>>> print(open('structure17.pdb').read())   # PDB, C-alpha atoms and all ligand atoms
MODEL        1
ATOM      1  CA  MET A   1      -0.099 -49.522 -20.276
ATOM      2  CA  LYS A   2       1.788 -46.331 -19.396
ATOM      3  CA  VAL A   3       3.569 -45.103 -16.282
ATOM      4  CA  LEU A   4       1.981 -41.871 -15.067
ATOM      5  CA  CYS A   5       3.480 -39.469 -12.579
ATOM      6  CA  GLY A   6       2.881 -36.116 -10.988
ATOM      7  CA  SER A   7       5.323 -33.788  -9.279
ATOM      8  CA  THR A   8       7.058 -36.376  -7.054
ATOM      9  CA  SER A   9       9.245 -39.396  -7.851
ATOM     10  CA  LYS A  10       9.718 -38.385 -11.484
ATOM     11  CA  ASN A  11      13.130 -40.056 -11.697
ATOM     12  CA  LEU A  12      11.817 -43.333 -10.349
ATOM     13  CA  ALA A  13       8.780 -43.203 -12.662
ATOM     14  CA  CYS A  14      11.049 -42.622 -15.695
ATOM     15  CA  ASP A  15      13.453 -45.425 -14.637
ATOM     16  CA  LEU A  16      10.510 -47.758 -14.185
ATOM     17  CA  ALA A  17       8.994 -46.914 -17.569
ATOM     18  CA  HIS A  18      12.382 -47.385 -19.228
ATOM     19  CA  LEU A  19      12.936 -50.782 -17.570
ATOM     20  CA  THR A  20       9.468 -52.060 -18.408
ATOM     21  CA  GLY A  21       9.590 -50.679 -21.963
ATOM     22  CA  VAL A  22       6.543 -48.433 -21.632
ATOM     23  CA  GLU A  23       6.041 -44.712 -21.948
ATOM     24  CA  CYS A  24       6.245 -42.340 -18.977
ATOM     25  CA  VAL A  25       3.594 -39.625 -19.030
ATOM     26  CA  GLN A  26       4.109 -36.734 -16.674
ATOM     27  CA  ALA A  27       1.085 -34.717 -15.611
ATOM     28  CA  ILE A  28       1.111 -30.963 -15.647
ATOM     29  CA  THR A  29       0.944 -29.990 -11.984
ATOM     30  CA  ARG A  30       0.778 -26.610 -10.337
ATOM     31  CA  ARG A  31      -0.720 -24.862  -7.371
ATOM     32  CA  PHE A  32      -3.483 -22.280  -7.402
ATOM     33  CA  PRO A  33      -2.666 -19.036  -5.557
ATOM     34  CA  ASP A  34      -4.416 -20.411  -2.452
ATOM     35  CA  GLY A  35      -2.249 -23.540  -2.488
ATOM     36  CA  GLU A  36      -4.785 -26.000  -3.903
ATOM     37  CA  ALA A  37      -3.417 -28.543  -6.378
ATOM     38  CA  TYR A  38      -4.052 -28.605 -10.135
ATOM     39  CA  VAL A  39      -3.394 -31.736 -12.202
ATOM     40  CA  ARG A  40      -3.850 -32.464 -15.906
ATOM     41  CA  PHE A  41      -2.708 -35.189 -18.275
ATOM     42  CA  GLN A  42      -2.461 -33.463 -21.628
ATOM     43  CA  ARG A  43      -3.017 -36.760 -23.471
ATOM     44  CA  GLU A  44      -5.979 -38.655 -24.786
ATOM     45  CA  ASP A  45      -4.301 -41.980 -25.487
ATOM     46  CA  LEU A  46      -4.109 -43.547 -22.041
ATOM     47  CA  ASP A  47      -4.877 -47.285 -21.901
ATOM     48  CA  LYS A  48      -7.417 -49.107 -19.748
ATOM     49  CA  GLU A  49      -4.669 -49.903 -17.224
ATOM     50  CA  ALA A  50      -2.102 -47.495 -15.835
ATOM     51  CA  ILE A  51       0.654 -47.393 -13.253
ATOM     52  CA  ILE A  52       0.709 -44.216 -11.167
ATOM     53  CA  VAL A  53       3.919 -43.453  -9.259
ATOM     54  CA  GLN A  54       3.406 -40.902  -6.507
ATOM     55  CA  ASN A  55       4.552 -40.319  -2.943
ATOM     56  CA  THR A  56       2.016 -39.509  -0.274
ATOM     57  CA  TYR A  57       4.428 -37.268   1.640
ATOM     58  CA  PRO A  58       4.119 -34.449   2.465
ATOM     59  CA  ASP A  59       0.318 -34.224   2.808
ATOM     60  CA  THR A  60      -0.067 -32.127  -0.354
ATOM     61  CA  ASN A  61       1.167 -35.083  -2.409
ATOM     62  CA  LEU A  62      -1.592 -37.301  -1.065
ATOM     63  CA  VAL A  63      -4.127 -34.864  -2.524
ATOM     64  CA  GLU A  64      -2.137 -34.853  -5.767
ATOM     65  CA  LEU A  65      -2.337 -38.670  -5.879
ATOM     66  CA  PHE A  66      -6.136 -38.567  -5.658
ATOM     67  CA  LEU A  67      -6.281 -35.948  -8.417
ATOM     68  CA  LEU A  68      -3.902 -37.979 -10.623
ATOM     69  CA  CYS A  69      -6.176 -41.017 -10.209
ATOM     70  CA  ASP A  70      -9.247 -39.009 -11.130
ATOM     71  CA  ALA A  71      -7.574 -37.326 -14.123
ATOM     72  CA  ALA A  72      -6.518 -40.762 -15.414
ATOM     73  CA  LYS A  73     -10.024 -42.191 -14.916
ATOM     74  CA  GLY A  74     -11.475 -39.200 -16.757
ATOM     75  CA  LEU A  75      -9.351 -40.269 -19.737
ATOM     76  CA  GLY A  76     -10.670 -43.839 -19.687
ATOM     77  CA  VAL A  77      -8.266 -45.628 -17.319
ATOM     78  CA  GLU A  78     -10.171 -48.383 -15.516
ATOM     79  CA  LYS A  79      -7.479 -50.131 -13.487
ATOM     80  CA  ILE A  80      -4.786 -48.307 -11.528
ATOM     81  CA  THR A  81      -1.706 -49.885 -10.015
ATOM     82  CA  CYS A  82      -0.392 -47.359  -7.565
ATOM     83  CA  VAL A  83       3.306 -47.298  -6.696
ATOM     84  CA  ILE A  84       3.905 -45.286  -3.526
ATOM     85  CA  PRO A  85       7.692 -45.163  -3.101
ATOM     86  CA  TYR A  86       7.526 -43.329   0.235
ATOM     87  CA  PHE A  87       4.295 -43.914   2.078
ATOM     88  CA  GLY A  88       3.623 -41.090   4.545
ATOM     89  CA  TYR A  89       2.095 -41.882   7.952
ATOM     90  CA  ALA A  90       3.376 -45.496   7.933
ATOM     91  CA  ARG A  91       4.892 -45.011  11.382
ATOM     92  CA  GLN A  92       1.569 -44.123  13.049
ATOM     93  CA  ASP A  93       0.542 -47.771  12.801
ATOM     94  CA  ARG A  94      -1.276 -48.003  16.121
ATOM     95  CA  ARG A  95      -2.992 -45.802  18.642
ATOM     96  CA  PHE A  96       0.000 -45.185  20.906
ATOM     97  CA  ASP A  97      -2.185 -43.031  23.188
ATOM     98  CA  THR A  98      -5.928 -43.007  23.724
ATOM     99  CA  GLY A  99      -7.745 -40.682  21.350
ATOM    100  CA  GLU A 100      -5.089 -40.724  18.624
ATOM    101  CA  ALA A 101      -5.882 -41.316  14.948
ATOM    102  CA  LEU A 102      -4.730 -44.603  13.426
ATOM    103  CA  SER A 103      -3.163 -42.672  10.551
ATOM    104  CA  ALA A 104      -1.667 -45.540   8.505
ATOM    105  CA  GLN A 105      -5.053 -47.259   8.360
ATOM    106  CA  VAL A 106      -6.856 -44.053   7.356
ATOM    107  CA  MET A 107      -4.435 -43.481   4.471
ATOM    108  CA  LEU A 108      -4.609 -47.069   3.171
ATOM    109  CA  ARG A 109      -8.399 -47.225   3.349
ATOM    110  CA  HIS A 110      -8.731 -44.055   1.282
ATOM    111  CA  ILE A 111      -6.058 -45.023  -1.242
ATOM    112  CA  ALA A 112      -7.908 -48.327  -1.781
ATOM    113  CA  LEU A 113     -11.022 -46.361  -2.778
ATOM    114  CA  GLU A 114      -9.136 -44.768  -5.683
ATOM    115  CA  THR A 115      -6.734 -47.502  -6.816
ATOM    116  CA  ASP A 116      -6.818 -51.246  -7.527
ATOM    117  CA  ARG A 117      -3.359 -52.499  -6.655
ATOM    118  CA  LEU A 118      -0.650 -51.073  -4.435
ATOM    119  CA  ILE A 119       3.133 -51.385  -4.357
ATOM    120  CA  THR A 120       5.127 -49.746  -1.574
ATOM    121  CA  VAL A 121       8.829 -49.731  -0.775
ATOM    122  CA  ASP A 122      10.310 -50.625   2.620
ATOM    123  CA  LEU A 123       7.343 -49.766   4.770
ATOM    124  CA  HIS A 124       8.319 -49.355   8.396
ATOM    125  CA  LYS A 125       5.998 -52.299   9.156
ATOM    126  CA  PRO A 126       4.717 -54.028   5.993
ATOM    127  CA  ASP A 127       1.817 -55.683   7.808
ATOM    128  CA  ILE A 128      -0.083 -52.358   7.669
ATOM    129  CA  LEU A 129      -0.896 -53.335   4.064
ATOM    130  CA  ARG A 130      -3.721 -55.482   5.461
ATOM    131  CA  TRP A 131      -5.615 -52.187   5.686
ATOM    132  CA  PHE A 132      -5.541 -51.778   1.906
ATOM    133  CA  THR A 133      -8.993 -53.221   1.451
ATOM    134  CA  LYS A 134      -8.334 -54.895  -1.930
ATOM    135  CA  PRO A 135      -6.142 -57.859  -2.859
ATOM    136  CA  GLY A 136      -2.805 -57.183  -4.472
ATOM    137  CA  ALA A 137      -0.889 -54.960  -2.049
ATOM    138  CA  LYS A 138       2.828 -55.676  -1.864
ATOM    139  CA  ASP A 139       5.796 -54.112  -0.089
ATOM    140  CA  ILE A 140       9.179 -54.541  -1.737
ATOM    141  CA  GLY A 141      12.605 -54.189  -0.123
ATOM    142  CA  ALA A 142      15.386 -51.860  -1.256
ATOM    143  CA  ALA A 143      18.134 -54.073   0.230
ATOM    144  CA  PRO A 144      19.170 -55.611  -3.145
ATOM    145  CA  ALA A 145      19.592 -52.158  -4.712
ATOM    146  CA  ILE A 146      21.518 -50.823  -1.691
ATOM    147  CA  GLY A 147      23.723 -53.937  -1.613
ATOM    148  CA  GLU A 148      24.548 -53.644  -5.311
ATOM    149  CA  TYR A 149      25.456 -49.975  -4.926
ATOM    150  CA  PHE A 150      27.936 -50.706  -2.115
ATOM    151  CA  MET A 151      29.273 -53.941  -3.612
ATOM    152  CA  ASP A 152      32.558 -52.454  -4.877
ATOM    153  CA  LYS A 153      33.153 -50.127  -1.949
ATOM    154  CA  GLN A 154      35.198 -52.462   0.285
ATOM    155  CA  ILE A 155      32.608 -52.648   3.067
ATOM    156  CA  ASP A 156      33.639 -55.107   5.840
ATOM    157  CA  LEU A 157      30.585 -54.919   8.088
ATOM    158  CA  VAL A 158      26.941 -53.884   7.609
ATOM    159  CA  LEU A 159      25.134 -52.686  10.713
ATOM    160  CA  ALA A 160      21.523 -52.020  11.599
ATOM    161  CA  PRO A 161      21.051 -49.199  14.127
ATOM    162  CA  ASP A 162      18.655 -51.391  16.125
ATOM    163  CA  LYS A 163      17.592 -55.013  16.339
ATOM    164  CA  GLY A 164      14.322 -54.362  14.488
ATOM    165  CA  ALA A 165      16.267 -53.378  11.358
ATOM    166  CA  SER A 166      18.705 -56.292  11.466
ATOM    167  CA  GLN A 167      17.102 -58.323   8.652
ATOM    168  CA  ARG A 168      17.643 -55.419   6.229
ATOM    169  CA  ALA A 169      21.323 -55.217   7.274
ATOM    170  CA  ALA A 170      21.667 -58.981   6.830
ATOM    171  CA  ASP A 171      20.151 -58.786   3.333
ATOM    172  CA  VAL A 172      22.504 -55.975   2.297
ATOM    173  CA  ALA A 173      25.526 -57.799   3.801
ATOM    174  CA  HIS A 174      24.576 -60.963   1.928
ATOM    175  CA  ILE A 175      24.741 -59.131  -1.399
ATOM    176  CA  ILE A 176      28.009 -57.382  -0.548
ATOM    177  CA  GLY A 177      29.443 -60.635   0.818
ATOM    178  CA  CYS A 178      30.452 -59.397   4.287
ATOM    179  CA  SER A 179      29.298 -59.830   7.881
ATOM    180  CA  ASN A 180      26.462 -58.017   9.631
ATOM    181  CA  ASP A 181      25.384 -57.088  13.136
ATOM    182  CA  HIS A 182      23.192 -54.580  14.909
ATOM    183  CA  LEU A 183      23.522 -51.819  17.488
ATOM    184  CA  THR A 184      21.114 -51.124  20.340
ATOM    185  CA  LYS A 185      19.141 -47.921  20.110
ATOM    186  CA  THR A 186      16.966 -46.138  22.651
ATOM    187  CA  ARG A 187      14.947 -43.153  21.471
ATOM    188  CA  LEU A 188      15.198 -40.264  23.959
ATOM    189  CA  SER A 189      13.114 -37.719  22.014
ATOM    190  CA  GLY A 190      11.985 -36.938  18.475
ATOM    191  CA  THR A 191      15.493 -35.816  17.542
ATOM    192  CA  GLU A 192      17.753 -37.630  20.019
ATOM    193  CA  VAL A 193      18.682 -41.285  20.312
ATOM    194  CA  LYS A 194      21.143 -43.137  22.502
ATOM    195  CA  ILE A 195      23.240 -45.909  20.999
ATOM    196  CA  THR A 196      24.295 -48.249  23.794
ATOM    197  CA  PRO A 197      28.033 -49.008  23.857
ATOM    198  CA  SER A 198      28.530 -52.067  21.774
ATOM    199  CA  LYS A 199      30.827 -55.100  21.883
ATOM    200  CA  LEU A 200      31.225 -55.078  18.114
ATOM    201  CA  ASP A 201      34.614 -55.511  16.555
ATOM    202  CA  ALA A 202      34.675 -52.335  14.433
ATOM    203  CA  ARG A 203      38.396 -51.522  14.811
ATOM    204  CA  GLY A 204      40.004 -50.695  11.469
ATOM    205  CA  ARG A 205      36.913 -51.782   9.516
ATOM    206  CA  ASN A 206      34.823 -50.069   6.845
ATOM    207  CA  VAL A 207      31.320 -50.070   8.247
ATOM    208  CA  LEU A 208      28.012 -49.396   6.480
ATOM    209  CA  ILE A 209      24.981 -48.475   8.600
ATOM    210  CA  VAL A 210      21.668 -49.257   6.877
ATOM    211  CA  ASP A 211      18.290 -47.952   8.021
ATOM    212  CA  ASP A 212      14.861 -47.650   6.423
ATOM    213  CA  ILE A 213      14.462 -43.908   7.067
ATOM    214  CA  ILE A 214      16.781 -41.032   7.839
ATOM    215  CA  SER A 215      14.660 -38.236   9.235
ATOM    216  CA  THR A 216      16.477 -35.876  11.623
ATOM    217  CA  GLY A 217      19.669 -37.904  11.242
ATOM    218  CA  GLY A 218      19.880 -38.389  15.027
ATOM    219  CA  THR A 219      20.123 -42.179  14.695
ATOM    220  CA  ILE A 220      22.931 -42.145  12.138
ATOM    221  CA  VAL A 221      24.896 -39.437  14.000
ATOM    222  CA  ALA A 222      24.741 -41.390  17.288
ATOM    223  CA  ALA A 223      25.602 -44.700  15.573
ATOM    224  CA  THR A 224      28.515 -43.159  13.647
ATOM    225  CA  ASN A 225      29.939 -41.563  16.781
ATOM    226  CA  GLU A 226      29.780 -44.902  18.595
ATOM    227  CA  LEU A 227      31.464 -46.711  15.688
ATOM    228  CA  LYS A 228      34.237 -44.123  15.452
ATOM    229  CA  ARG A 229      34.732 -44.484  19.233
ATOM    230  CA  LEU A 230      35.119 -48.211  18.639
ATOM    231  CA  GLY A 231      37.857 -47.526  16.088
ATOM    232  CA  ALA A 232      35.997 -47.954  12.758
ATOM    233  CA  LYS A 233      38.129 -46.797   9.820
ATOM    234  CA  ASN A 234      35.263 -45.457   7.668
ATOM    235  CA  VAL A 235      31.570 -45.169   8.390
ATOM    236  CA  ALA A 236      29.118 -44.942   5.497
ATOM    237  CA  ALA A 237      25.349 -44.616   5.890
ATOM    238  CA  ALA A 238      22.564 -45.700   3.588
ATOM    239  CA  CYS A 239      18.822 -45.660   3.814
ATOM    240  CA  THR A 240      15.804 -46.302   1.659
ATOM    241  CA  HIS A 241      13.933 -43.074   2.399
ATOM    242  CA  GLY A 242      16.010 -39.929   2.868
ATOM    243  CA  LEU A 243      13.688 -37.385   4.463
ATOM    244  CA  PHE A 244      16.570 -35.268   5.790
ATOM    245  CA  VAL A 245      14.472 -32.842   7.832
ATOM    246  CA  ASP A 246      15.895 -29.573   9.196
ATOM    247  CA  GLY A 247      19.253 -29.690   7.414
ATOM    248  CA  ALA A 248      19.973 -33.292   8.438
ATOM    249  CA  LEU A 249      21.890 -33.984   5.227
ATOM    250  CA  ASN A 250      24.478 -31.279   5.955
ATOM    251  CA  ARG A 251      24.870 -32.504   9.530
ATOM    252  CA  LEU A 252      25.377 -36.072   8.311
ATOM    253  CA  ARG A 253      27.881 -35.062   5.663
ATOM    254  CA  GLY A 254      30.030 -33.644   8.445
ATOM    255  CA  VAL A 255      29.933 -36.900  10.428
ATOM    256  CA  THR A 256      29.824 -39.857   8.008
ATOM    257  CA  ASP A 257      32.370 -40.673   5.296
ATOM    258  CA  GLU A 258      29.707 -41.420   2.673
ATOM    259  CA  ILE A 259      25.955 -41.196   2.488
ATOM    260  CA  ALA A 260      23.527 -42.583  -0.099
ATOM    261  CA  CYS A 261      19.832 -43.265  -0.271
ATOM    262  CA  THR A 262      17.363 -44.540  -2.828
ATOM    263  CA  ASN A 263      15.218 -42.512  -5.195
ATOM    264  CA  THR A 264      11.944 -43.124  -3.327
ATOM    265  CA  LEU A 265      12.441 -39.508  -2.255
ATOM    266  CA  GLU A 266      14.530 -37.162  -4.343
ATOM    267  CA  SER A 267      17.551 -35.483  -2.730
ATOM    268  CA  PRO A 268      21.173 -34.756  -3.716
ATOM    269  CA  VAL A 269      22.122 -38.220  -2.371
ATOM    270  CA  SER A 270      19.331 -40.256  -4.045
ATOM    271  CA  LEU A 271      21.978 -42.292  -5.816
ATOM    272  CA  ILE A 272      20.323 -45.723  -5.757
ATOM    273  CA  SER A 273      17.353 -46.591  -7.969
ATOM    274  CA  VAL A 274      14.741 -49.068  -6.744
ATOM    275  CA  ALA A 275      13.153 -49.237 -10.212
ATOM    276  CA  LYS A 276      14.384 -52.799 -10.819
ATOM    277  CA  GLU A 277      12.753 -54.065  -7.616
ATOM    278  CA  VAL A 278       9.481 -52.238  -8.385
ATOM    279  CA  ALA A 279       9.506 -53.577 -11.967
ATOM    280  CA  LYS A 280       9.892 -57.141 -10.643
ATOM    281  CA  ALA A 281       6.868 -56.647  -8.368
ATOM    282  CA  LEU A 282       4.781 -55.386 -11.283
TER     283      LEU A 282
HETATM  284  C1  LIG A 301      12.853 -45.751  13.306
HETATM  285  O1  LIG A 301      12.496 -46.748  13.877
HETATM  286  C2  LIG A 301      13.369 -45.780  11.912
HETATM  287  O2  LIG A 301      13.752 -47.054  11.522
HETATM  288  C3  LIG A 301      14.554 -44.823  11.753
HETATM  289  O3  LIG A 301      15.642 -45.315  12.512
HETATM  290  C4  LIG A 301      14.197 -43.442  12.206
HETATM  291  O4  LIG A 301      13.049 -42.976  11.569
HETATM  292  C5  LIG A 301      15.351 -42.493  11.947
HETATM  293  O5  LIG A 301      15.010 -41.236  12.424
HETATM  294  P1  LIG A 301      16.100 -40.143  12.717
HETATM  295  O6  LIG A 301      16.886 -39.913  11.466
HETATM  296  O7  LIG A 301      15.290 -38.937  13.106
HETATM  297  O8  LIG A 301      16.952 -40.619  13.852
ENDMDL
END
>>> encode(input="structure17.pdb", output="structure tokens", more="lines below")
Ligand code: R5P
Amino acid sequence: MKVLCGSTSKNLACDLAHLTGVECVQAITRRFPDGEAYVRFQREDLDKEAIIVQNTYPDTNLVELFLLCDAAKGLGVEKITCVIPYFGYARQDRRFDTGEALSAQVMLRHIALETDRLITVDLHKPDILRWFTKPGAKDIGAAPAIGEYFMDKQIDLVLAPDKGASQRAADVAHIIGCSNDHLTKTRLSGTEVKITPSKLDARGRNVLIVDDIISTGGTIVAATNELKRLGAKNVAAACTHGLFVDGALNRLRGVTDEIACTNTLESPVSLISVAKEVAKAL
């Protein structure tokens, strides 16, 4: 079995291949002048089973995933385990308004047509995997990897920005060996959130905020400001998926004392590899 990858998540694919002692084969990928994707594995020695590591974000990478699957099948691969480190559209997990598409379900149904097994990382709500219409879908957590990364950084308190994320903060705190709590967040718009004044004891402490996604950075900025108001000594932020839209990383660097995310998406702060957790799930 080999680990195959396209143009996304190359670092994670290589880490995973290294850890599992198999070869990593990278497809040649490019775009035609009109933007359509081109994919080719310049190999003829693929095995009957393969692991394909590929994000489905942005949309163009979803098309690339389908082409990677077909290129592999054309070379004799019969069973594909698909590792989607960052699964796009996971947050549209219900029809919030009448007439909307149920995007997460659409994506999973189509991915199940092309692949046999699915591994995802820190889905916003893992129960959407019921829409992968084959057995063998699993979501793994990045908390152990994040906890290990921050273990020697004198963190006193791990915080979730809202109650829904508190289990992840508890898991990270458990590994670091410190306490955990959560803030209360209200979303005001796509880019703005309000963090309700908190009764936390943050004075003089080194605090780590952990979230699943950093998108515009609005959540982390509001949480950091509240923690600094409460007297926190240092505020670090970590997340699994660093989307960092519209220059969010630069904004966050000016507000937080440290920022790190995993390599599900590649950015200058993808400092934490989730390869070990993915390898365990395989
Ligand atoms: C939302 O529920 C997620 O867990 C994240 O908190 C959210 O996606 C972060 O978005 P932003 O960085 O735009 O505040």
>>> axis_aligned_box(input="structure17.pdb", around="ligand LIG 301 (chain A)", padding_each_side="4 Å", output="lines of an AutoDock Vina configuration file")
center_x = 14.7
center_y = -43.0
center_z = 12.7
size_x = 12.5
size_y = 16.1
size_z = 10.4
>>> closest_atom_pairs(input="structure17.pdb", of="chain A", to="ligand LIG 301 (chain A)", cutoff="8 Å", atoms="only C-alpha atoms and all ligand atoms", output="JSON lines")
{"residue": "A:His124", "atom": "CA", "partner": "A:LIG301", "partner_atom": "O2", "distance": 6.7}
{"residue": "A:Pro161", "atom": "CA", "partner": "A:LIG301", "partner_atom": "O3", "distance": 6.9}
{"residue": "A:Asp162", "atom": "CA", "partner": "A:LIG301", "partner_atom": "O3", "distance": 7.7}
{"residue": "A:Gly164", "atom": "CA", "partner": "A:LIG301", "partner_atom": "O1", "distance": 7.9}
{"residue": "A:Ala165", "atom": "CA", "partner": "A:LIG301", "partner_atom": "O2", "distance": 6.8}
{"residue": "A:Gly190", "atom": "CA", "partner": "A:LIG301", "partner_atom": "O7", "distance": 6.6}
{"residue": "A:Thr191", "atom": "CA", "partner": "A:LIG301", "partner_atom": "O7", "distance": 5.4}
{"residue": "A:Glu192", "atom": "CA", "partner": "A:LIG301", "partner_atom": "O8", "distance": 6.9}
{"residue": "A:Val193", "atom": "CA", "partner": "A:LIG301", "partner_atom": "O8", "distance": 6.7}
{"residue": "A:Asp211", "atom": "CA", "partner": "A:LIG301", "partner_atom": "O2", "distance": 5.8}
{"residue": "A:Asp212", "atom": "CA", "partner": "A:LIG301", "partner_atom": "O2", "distance": 5.3}
{"residue": "A:Ile213", "atom": "CA", "partner": "A:LIG301", "partner_atom": "C3", "distance": 4.8}
{"residue": "A:Ile214", "atom": "CA", "partner": "A:LIG301", "partner_atom": "O6", "distance": 3.8}
{"residue": "A:Ser215", "atom": "CA", "partner": "A:LIG301", "partner_atom": "O6", "distance": 3.6}
{"residue": "A:Thr216", "atom": "CA", "partner": "A:LIG301", "partner_atom": "O7", "distance": 3.6}
{"residue": "A:Gly217", "atom": "CA", "partner": "A:LIG301", "partner_atom": "O6", "distance": 3.4}
{"residue": "A:Gly218", "atom": "CA", "partner": "A:LIG301", "partner_atom": "O8", "distance": 3.9}
{"residue": "A:Thr219", "atom": "CA", "partner": "A:LIG301", "partner_atom": "O8", "distance": 3.6}
{"residue": "A:Ile220", "atom": "CA", "partner": "A:LIG301", "partner_atom": "O8", "distance": 6.4}
{"residue": "A:Phe244", "atom": "CA", "partner": "A:LIG301", "partner_atom": "O6", "distance": 7.3}
{"residue": "A:Ala248", "atom": "CA", "partner": "A:LIG301", "partner_atom": "O6", "distance": 7.9}
>>> write_last_selection(input="structure17.pdb", atoms="C-alpha atoms", output="compact mmCIF listing (two decimals), in the coordinates of the input")
# COMPACT_ATOMS: atom_id res chain seq x y z
CA HIS A 124 8.32 -49.36 8.40
CA PRO A 161 21.05 -49.20 14.13
CA ASP A 162 18.66 -51.39 16.12
CA GLY A 164 14.32 -54.36 14.49
CA ALA A 165 16.27 -53.38 11.36
CA GLY A 190 11.98 -36.94 18.48
CA THR A 191 15.49 -35.82 17.54
CA GLU A 192 17.75 -37.63 20.02
CA VAL A 193 18.68 -41.28 20.31
CA ASP A 211 18.29 -47.95 8.02
CA ASP A 212 14.86 -47.65 6.42
CA ILE A 213 14.46 -43.91 7.07
CA ILE A 214 16.78 -41.03 7.84
CA SER A 215 14.66 -38.24 9.24
CA THR A 216 16.48 -35.88 11.62
CA GLY A 217 19.67 -37.90 11.24
CA GLY A 218 19.88 -38.39 15.03
CA THR A 219 20.12 -42.18 14.70
CA ILE A 220 22.93 -42.14 12.14
CA PHE A 244 16.57 -35.27 5.79
CA ALA A 248 19.97 -33.29 8.44
>>> resolve_selection(input="structure17.pdb", expression="the PyMOL selection byres (((chain A and resi 47) around 12) and not hetatm)", output="number ranges by chain")
A: 1-4, 22-23, 25, 43-46, 48-51, 72-80
>>> atom_distance(input="structure17.pdb", atom1="CA of Val39 in chain A", atom2="CA of Thr81 in chain A")
18.4 Å
>>> resolve_selection(input="structure17.pdb", expression="the PyMOL selection byres (((chain A and resi 158) around 10) and not hetatm)", output="NGL selection string")
:A and (147 or 155-157 or 159-161 or 166 or 168-174 or 176-182 or 206-210 or 235-237)
>>> residues_around(input="structure17.pdb", residues="Phe41 in chain A", least_positions_apart="6", cutoff="7 Å", atoms="only C-alpha atoms", output="list in words")
Ala27, Ile28 and Ala71 of chain A
>>> residues_around(input="structure17.pdb", residues="Lys194 in chain A", least_positions_apart="4", cutoff="7 Å", atoms="only C-alpha atoms", output="list in words")
Lys185, Thr186, Arg187, Leu188 and Ala222 of chain A
>>> atom_distance(input="structure17.pdb", atom1="CA of Phe96 in chain A", atom2="CA of Gly242 in chain A")
24.7 Å
>>> closest_residue(input="structure17.pdb", among="A:Thr115, A:Ser267, A:Thr120, A:Ser103", to="Leu68 in chain A", atoms="all atoms listed in the file")
A:Thr115
>>> resolve_selection(input="structure17.pdb", expression="the PyMOL selection byres (((chain A and resi 59) around 12) and not hetatm)", output="PyMOL selection string")
chain A and resi 36-37+54-58+60-66+86-89+103+107
>>> closest_residue(input="structure17.pdb", among="A:Lys138, A:His241, A:Lys199, A:Arg40", to="Ile119 in chain A", atoms="only C-alpha atoms")
A:Lys138
>>> residues_near_point(input="structure17.pdb", point="(-5.4, -51.2, -0.2)", cutoff="10 Å", atoms="only C-alpha atoms", output="VMD selection string")
chain A and resid 82 105 107 to 119 128 to 138
>>> atom_distance(input="structure17.pdb", atom1="CA of Val274 in chain A", atom2="CA of Glu148 in chain A")
10.9 Å
>>> closest_residue(input="structure17.pdb", among="A:Leu67, A:Ile52, A:Ile175, A:Leu183", to="Ala143 in chain A", atoms="only C-alpha atoms")
A:Ile175
>>> closest_residue(input="structure17.pdb", among="A:Lys228, A:Asp257, A:Cys239, A:Thr196", to="Lys153 in chain A", atoms="all atoms listed in the file")
A:Asp257
>>> residues_around(input="structure17.pdb", residues="Leu227 in chain A", least_positions_apart="2", cutoff="10 Å", atoms="only C-alpha atoms", output="list of chain:residue names")
A:Leu183, A:Ile195, A:Pro197, A:Ser198, A:Leu200, A:Asp201, A:Ala202, A:Arg203, A:Arg205, A:Val207, A:Ile209, A:Val221, A:Ala222, A:Ala223, A:Thr224, A:Asn225, A:Arg229, A:Leu230, A:Gly231, A:Ala232, A:Lys233, A:Asn234, A:Val235
>>> residues_near_point(input="structure17.pdb", point="(20.5, -45.5, -2.9)", cutoff="9 Å", atoms="only C-alpha atoms", output="PyMOL selection string")
chain A and resi 142+145-146+149+238-241+259-264+269-274
>>> decode(input="structure17.pdb", residues="range 249-264 of chain A", atoms="C-alpha atoms", output="PDB file, in the first residue's frame")
ATOM      1  CA  LEU A 249      -2.881  35.453  10.495  1.00  0.00           C
ATOM      2  CA  ASN A 250      -1.257  38.904  10.479  1.00  0.00           C
ATOM      3  CA  ARG A 251      -4.075  40.327  12.594  1.00  0.00           C
ATOM      4  CA  LEU A 252      -3.702  37.490  15.100  1.00  0.00           C
ATOM      5  CA  ARG A 253       0.060  37.832  15.284  1.00  0.00           C
ATOM      6  CA  GLY A 254      -0.469  41.396  16.461  1.00  0.00           C
ATOM      7  CA  VAL A 255      -2.842  40.318  19.245  1.00  0.00           C
ATOM      8  CA  THR A 256      -1.759  36.906  20.585  1.00  0.00           C
ATOM      9  CA  ASP A 257       1.634  36.013  22.065  1.00  0.00           C
ATOM     10  CA  GLU A 258       1.900  32.743  20.123  1.00  0.00           C
ATOM     11  CA  ILE A 259      -0.119  31.005  17.467  1.00  0.00           C
ATOM     12  CA  ALA A 260       0.102  27.440  16.141  1.00  0.00           C
ATOM     13  CA  CYS A 261      -2.113  25.131  14.163  1.00  0.00           C
ATOM     14  CA  THR A 262      -1.912  21.639  12.739  1.00  0.00           C
ATOM     15  CA  ASN A 263      -0.865  20.612   9.251  1.00  0.00           C
ATOM     16  CA  THR A 264      -4.385  19.722   8.067  1.00  0.00           C
TER      17      THR A 264
END
